[in-house]
>>> print(open('model22.pdb').read())   # PDB, C-alpha atoms
ATOM      1  CA  MET A   1      77.351  44.763 -52.821
ATOM      2  CA  GLU A   2      80.321  47.107 -52.417
ATOM      3  CA  GLU A   3      79.957  48.355 -55.983
ATOM      4  CA  SER A   4      77.000  50.487 -54.943
ATOM      5  CA  SER A   5      77.378  52.586 -58.092
ATOM      6  CA  GLY A   6      75.289  49.984 -59.922
ATOM      7  CA  ARG A   7      71.514  50.144 -59.810
ATOM      8  CA  LYS A   8      69.678  47.638 -57.643
ATOM      9  CA  ILE A   9      67.072  45.918 -59.789
ATOM     10  CA  GLY A  10      64.674  43.700 -57.858
ATOM     11  CA  VAL A  11      62.636  40.851 -59.273
ATOM     12  CA  ALA A  12      59.976  39.203 -57.125
ATOM     13  CA  VAL A  13      60.369  35.445 -57.575
ATOM     14  CA  ASP A  14      58.143  32.644 -56.299
ATOM     15  CA  PHE A  15      59.543  30.080 -58.779
ATOM     16  CA  SER A  16      56.251  29.983 -60.715
ATOM     17  CA  GLU A  17      56.121  30.203 -64.522
ATOM     18  CA  CYS A  18      54.977  33.788 -64.176
ATOM     19  CA  SER A  19      57.912  34.801 -61.971
ATOM     20  CA  LYS A  20      60.387  33.127 -64.360
ATOM     21  CA  LYS A  21      58.866  35.160 -67.151
ATOM     22  CA  ALA A  22      59.309  38.322 -65.074
ATOM     23  CA  LEU A  23      62.939  37.376 -64.330
ATOM     24  CA  ASN A  24      63.695  36.784 -68.010
ATOM     25  CA  TRP A  25      61.979  40.043 -68.932
ATOM     26  CA  ALA A  26      64.042  41.995 -66.372
ATOM     27  CA  ILE A  27      67.289  40.468 -67.647
ATOM     28  CA  ASP A  28      66.407  41.152 -71.290
ATOM     29  CA  ASN A  29      64.948  44.636 -70.866
ATOM     30  CA  VAL A  30      66.083  46.285 -67.647
ATOM     31  CA  VAL A  31      69.375  44.926 -66.353
ATOM     32  CA  ARG A  32      72.577  46.385 -67.768
ATOM     33  CA  ASP A  33      76.276  45.943 -67.012
ATOM     34  CA  GLY A  34      77.225  47.041 -63.513
ATOM     35  CA  ASP A  35      73.764  46.446 -62.059
ATOM     36  CA  ASN A  36      72.894  44.346 -59.044
ATOM     37  CA  LEU A  37      70.063  41.911 -59.779
ATOM     38  CA  ILE A  38      68.259  41.024 -56.579
ATOM     39  CA  LEU A  39      65.856  38.095 -56.531
ATOM     40  CA  ILE A  40      63.315  38.734 -53.802
ATOM     41  CA  THR A  41      61.404  35.763 -52.531
ATOM     42  CA  VAL A  42      58.843  35.609 -49.747
ATOM     43  CA  ALA A  43      58.502  32.341 -47.867
ATOM     44  CA  HIS A  44      55.411  31.612 -45.848
ATOM     45  CA  ASP A  45      56.637  29.455 -43.032
ATOM     46  CA  MET A  46      59.341  30.327 -40.608
ATOM     47  CA  HIS A  47      61.424  27.545 -39.069
ATOM     48  CA  TYR A  48      63.090  28.230 -35.762
ATOM     49  CA  GLU A  49      65.885  25.646 -35.884
ATOM     50  CA  GLU A  50      68.347  28.490 -36.278
ATOM     51  CA  GLY A  51      68.613  31.250 -33.703
ATOM     52  CA  GLU A  52      69.540  33.785 -36.379
ATOM     53  CA  MET A  53      66.271  33.073 -38.174
ATOM     54  CA  GLN A  54      64.304  34.925 -35.516
ATOM     55  CA  LEU A  55      66.251  38.064 -36.343
ATOM     56  CA  TRP A  56      65.689  37.540 -40.065
ATOM     57  CA  GLU A  57      61.956  37.150 -39.664
ATOM     58  CA  THR A  58      61.618  40.917 -39.411
ATOM     59  CA  VAL A  59      64.494  42.135 -41.607
ATOM     60  CA  GLY A  60      64.754  39.299 -44.125
ATOM     61  CA  SER A  61      67.790  37.130 -44.815
ATOM     62  CA  PRO A  62      71.203  38.562 -45.583
ATOM     63  CA  LEU A  63      71.901  39.043 -49.295
ATOM     64  CA  ILE A  64      72.749  35.531 -50.508
ATOM     65  CA  PRO A  65      75.281  35.335 -53.366
ATOM     66  CA  LEU A  66      74.346  33.370 -56.490
ATOM     67  CA  SER A  67      76.982  30.709 -55.762
ATOM     68  CA  GLU A  68      75.271  30.028 -52.429
ATOM     69  CA  PHE A  69      71.623  30.192 -53.440
ATOM     70  CA  SER A  70      72.451  27.751 -56.252
ATOM     71  CA  GLU A  71      73.308  25.149 -53.590
ATOM     72  CA  ALA A  72      70.426  23.108 -52.209
ATOM     73  CA  ALA A  73      72.236  22.547 -48.898
ATOM     74  CA  VAL A  74      72.531  26.283 -48.277
ATOM     75  CA  MET A  75      68.932  26.965 -49.247
ATOM     76  CA  LYS A  76      67.671  24.206 -46.970
ATOM     77  CA  LYS A  77      68.671  26.401 -44.036
ATOM     78  CA  TYR A  78      66.212  29.008 -45.310
ATOM     79  CA  ALA A  79      63.536  26.408 -46.172
ATOM     80  CA  VAL A  80      63.413  27.771 -49.731
ATOM     81  CA  LYS A  81      63.803  25.579 -52.820
ATOM     82  CA  PRO A  82      64.671  27.518 -55.971
ATOM     83  CA  ASP A  83      63.779  25.471 -59.058
ATOM     84  CA  ALA A  84      66.405  24.473 -61.618
ATOM     85  CA  GLU A  85      65.049  26.779 -64.317
ATOM     86  CA  THR A  86      65.182  29.907 -62.129
ATOM     87  CA  LEU A  87      68.762  29.020 -61.115
ATOM     88  CA  ASP A  88      69.678  28.467 -64.744
ATOM     89  CA  ILE A  89      68.250  31.858 -65.750
ATOM     90  CA  ALA A  90      70.168  33.582 -62.923
ATOM     91  CA  ASN A  91      73.453  31.766 -63.594
ATOM     92  CA  THR A  92      73.256  32.459 -67.338
ATOM     93  CA  ALA A  93      72.604  36.149 -66.708
ATOM     94  CA  ALA A  94      75.573  36.351 -64.320
ATOM     95  CA  ARG A  95      77.804  34.658 -66.902
ATOM     96  CA  THR A  96      76.728  36.719 -69.896
ATOM     97  CA  LYS A  97      76.405  40.161 -68.309
ATOM     98  CA  SER A  98      78.649  42.076 -65.939
ATOM     99  CA  ILE A  99      76.166  41.982 -63.080
ATOM    100  CA  THR A 100      76.005  40.812 -59.490
ATOM    101  CA  VAL A 101      73.149  38.415 -58.724
ATOM    102  CA  VAL A 102      71.951  37.909 -55.151
ATOM    103  CA  MET A 103      68.828  36.650 -53.424
ATOM    104  CA  LYS A 104      67.047  38.025 -50.384
ATOM    105  CA  ILE A 105      64.393  36.017 -48.561
ATOM    106  CA  TYR A 106      61.600  37.459 -46.472
ATOM    107  CA  TRP A 107      58.979  35.677 -44.398
ATOM    108  CA  GLY A 108      55.332  36.711 -44.181
ATOM    109  CA  ASP A 109      52.784  38.434 -46.411
ATOM    110  CA  PRO A 110      54.285  38.960 -49.891
ATOM    111  CA  ARG A 111      52.408  42.252 -50.315
ATOM    112  CA  GLU A 112      54.004  43.762 -47.220
ATOM    113  CA  LYS A 113      57.415  42.163 -47.551
ATOM    114  CA  ILE A 114      58.009  43.115 -51.187
ATOM    115  CA  CYS A 115      57.165  46.723 -50.283
ATOM    116  CA  GLU A 116      59.639  46.519 -47.374
ATOM    117  CA  ALA A 117      62.333  45.144 -49.672
ATOM    118  CA  VAL A 118      61.919  48.062 -52.078
ATOM    119  CA  GLU A 119      62.407  50.518 -49.240
ATOM    120  CA  HIS A 120      65.146  48.787 -47.262
ATOM    121  CA  ILE A 121      67.503  47.454 -49.933
ATOM    122  CA  PRO A 122      66.633  50.057 -51.496
ATOM    123  CA  LEU A 123      65.678  49.151 -55.064
ATOM    124  CA  SER A 124      66.080  51.381 -58.111
ATOM    125  CA  SER A 125      63.257  49.472 -59.766
ATOM    126  CA  LEU A 126      61.190  46.321 -59.332
ATOM    127  CA  VAL A 127      59.883  43.756 -61.806
ATOM    128  CA  ILE A 128      57.020  41.535 -60.679
ATOM    129  CA  GLY A 129      54.765  39.010 -62.396
ATOM    130  CA  ASN A 130      50.999  39.475 -62.183
ATOM    131  CA  ARG A 131      50.540  35.720 -61.643
ATOM    132  CA  GLY A 132      47.502  35.880 -63.920
ATOM    133  CA  LEU A 133      44.957  35.504 -61.126
ATOM    134  CA  GLY A 134      41.376  35.504 -62.352
ATOM    135  CA  GLY A 135      39.048  38.309 -61.262
ATOM    136  CA  LEU A 136      37.270  36.524 -58.421
ATOM    137  CA  LYS A 137      40.427  35.088 -56.885
ATOM    138  CA  ARG A 138      42.084  38.495 -57.124
ATOM    139  CA  MET A 139      39.211  40.141 -55.240
ATOM    140  CA  ILE A 140      39.497  37.630 -52.443
ATOM    141  CA  MET A 141      43.290  37.500 -52.166
ATOM    142  CA  GLY A 142      44.110  41.027 -53.247
ATOM    143  CA  SER A 143      46.630  41.120 -56.044
ATOM    144  CA  VAL A 144      50.202  41.265 -54.788
ATOM    145  CA  SER A 145      51.333  43.221 -57.833
ATOM    146  CA  ASN A 146      48.474  45.743 -57.484
ATOM    147  CA  HIS A 147      49.313  46.321 -53.857
ATOM    148  CA  VAL A 148      53.022  46.774 -54.597
ATOM    149  CA  VAL A 149      52.433  49.138 -57.525
ATOM    150  CA  ASN A 150      50.261  51.353 -55.324
ATOM    151  CA  ASN A 151      52.540  51.365 -52.297
ATOM    152  CA  VAL A 152      56.176  51.692 -53.350
ATOM    153  CA  ALA A 153      58.175  54.716 -54.444
ATOM    154  CA  CYS A 154      60.343  53.099 -57.125
ATOM    155  CA  PRO A 155      59.193  52.295 -60.680
ATOM    156  CA  VAL A 156      57.478  48.892 -60.906
ATOM    157  CA  THR A 157      57.053  46.842 -64.078
ATOM    158  CA  VAL A 158      54.307  44.219 -63.987
ATOM    159  CA  VAL A 159      55.016  41.394 -66.443
ATOM    160  CA  LYS A 160      51.836  39.645 -67.473
ATOM    161  CA  ALA A 161      51.578  35.903 -67.753
ATOM    162  CA  HIS A 162      49.771  35.035 -70.943
ATOM    163  CA  HIS A 163      47.515  32.043 -70.587
TER     164      HIS A 163
END
>>> encode(input="model22.pdb", output="structure tokens")
Amino acid sequence: MEESSGRKIGVAVDFSECSKKALNWAIDNVVRDGDNLILITVAHDMHYEEGEMQLWETVGSPLIPLSEFSEAAVMKKYAVKPDAETLDIANTAARTKSITVVMKIYWGDPREKICEAVEHIPLSSLVIGNRGLGGLKRMIMGSVSNHVVNNVACPVTVVKAHH
């Protein structure tokens, strides 16, 4: 990420339909040449096979280049499995636009970790899907997108999943 002149556009991805929609929306409407597109994913379980993982649990993974996060063997180390469609969207964007695409993985509560990512990377703006949770489920779980919108300094775009 030496070319720090470019904006850092984050997209929260959990490889659901809703997050793919958010990723596509960011690429079509927000990202422009020279930007850094950062896919932020939050994994729930931490595996301690690797010593370095304990360090990453608090600060998140290093920024993983597209060529690496496209490889299943590399991602296995992080216990994260990006789906083929998300990888295709990211690879197509990298090919067709002059942008740098990287992924950063956090472990823990998505509401907290996405807010941390915004602050620490730091992001110029964030695009997140609303996941289309129904009212009752949202009350119980607390909407991740609501929490992020209310707690980060950068502009946030919430892309709605239409049912």
>>> residues_around(input="model22.pdb", residues="Val149 (chain A)", least_positions_apart="5", cutoff="12 Å", atoms="all atoms listed in the file", output="ChimeraX atom specification")
/A:111-112,114-115,118,125-130,143-144,154-158
>>> resolve_selection(input="model22.pdb", expression="the PyMOL selection byres ((chain A and resi 159) around 12)", output="PyMOL selection string")
chain A and resi 11-13+17-26+29+126-132+145-146+156-158+160-162
>>> residues_near_point(input="model22.pdb", point="(67.9, 48.1, -57.0)", cutoff="8 Å", atoms="all atoms listed in the file", output="PyMOL selection string")
chain A and resi 7-10+35-38+118+121-126
>>> resolve_selection(input="model22.pdb", expression="the PyMOL selection byres ((chain A and resi 101) around 9)", output="PyMOL selection string")
chain A and resi 35-39+64-66+90-91+93-94+99-100+102-103
>>> write_last_selection(input="model22.pdb", atoms="C-alpha atoms", output="PDB file, keeping the file's coordinate frame")
ATOM      1  CA  ASP A  35      73.764  46.446 -62.059  1.00  0.00           C
ATOM      2  CA  ASN A  36      72.894  44.346 -59.044  1.00  0.00           C
ATOM      3  CA  LEU A  37      70.063  41.911 -59.779  1.00  0.00           C
ATOM      4  CA  ILE A  38      68.259  41.024 -56.579  1.00  0.00           C
ATOM      5  CA  LEU A  39      65.856  38.095 -56.531  1.00  0.00           C
ATOM      6  CA  ILE A  64      72.749  35.531 -50.508  1.00  0.00           C
ATOM      7  CA  PRO A  65      75.281  35.335 -53.366  1.00  0.00           C
ATOM      8  CA  LEU A  66      74.346  33.370 -56.490  1.00  0.00           C
ATOM      9  CA  ALA A  90      70.168  33.582 -62.923  1.00  0.00           C
ATOM     10  CA  ASN A  91      73.453  31.766 -63.594  1.00  0.00           C
ATOM     11  CA  ALA A  93      72.604  36.149 -66.708  1.00  0.00           C
ATOM     12  CA  ALA A  94      75.573  36.351 -64.320  1.00  0.00           C
ATOM     13  CA  ILE A  99      76.166  41.982 -63.080  1.00  0.00           C
ATOM     14  CA  THR A 100      76.005  40.812 -59.490  1.00  0.00           C
ATOM     15  CA  VAL A 102      71.951  37.909 -55.151  1.00  0.00           C
ATOM     16  CA  MET A 103      68.828  36.650 -53.424  1.00  0.00           C
TER      17      MET A 103
END
>>> closest_residue(input="model22.pdb", among="A:Ile27, A:Lys113, A:Pro82, A:Leu87", to="His44 (chain A)", atoms="all atoms listed in the file")
A:Lys113
>>> atom_distance(input="model22.pdb", atom1="CA of Asp33 (chain A)", atom2="CA of Ile89 (chain A)")
16.3 Å
>>> resolve_selection(input="model22.pdb", expression="the PyMOL selection byres ((chain A and resi 105) around 9)", output="count of residues only")
17
>>> atom_distance(input="model22.pdb", atom1="CA of Arg95 (chain A)", atom2="CA of Ser67 (chain A)")
11.8 Å
>>> atom_distance(input="model22.pdb", atom1="CA of Lys97 (chain A)", atom2="CA of Asp28 (chain A)")
10.5 Å
>>> closest_residue(input="model22.pdb", among="A:Ser5, A:Gln54, A:Ser98, A:Thr86", to="Ser70 (chain A)", atoms="only C-alpha atoms")
A:Thr86
>>> axis_aligned_box(input="model22.pdb", around="region 80-92 of chain A", padding_each_side="6 Å", output="AutoDock Vina command-line options")
--center_x 68.4 --center_y 29.0 --center_z -58.5 --size_x 22.0 --size_y 21.1 --size_z 29.6
>>> closest_residue(input="model22.pdb", among="A:Thr58, A:Lys76, A:Phe69, A:Asn150", to="Ala117 (chain A)", atoms="all atoms listed in the file")
A:Thr58
>>> closest_residue(input="model22.pdb", among="A:Asp88, A:Lys77, A:Thr96, A:Asp83", to="Arg32 (chain A)", atoms="all atoms listed in the file")
A:Thr96
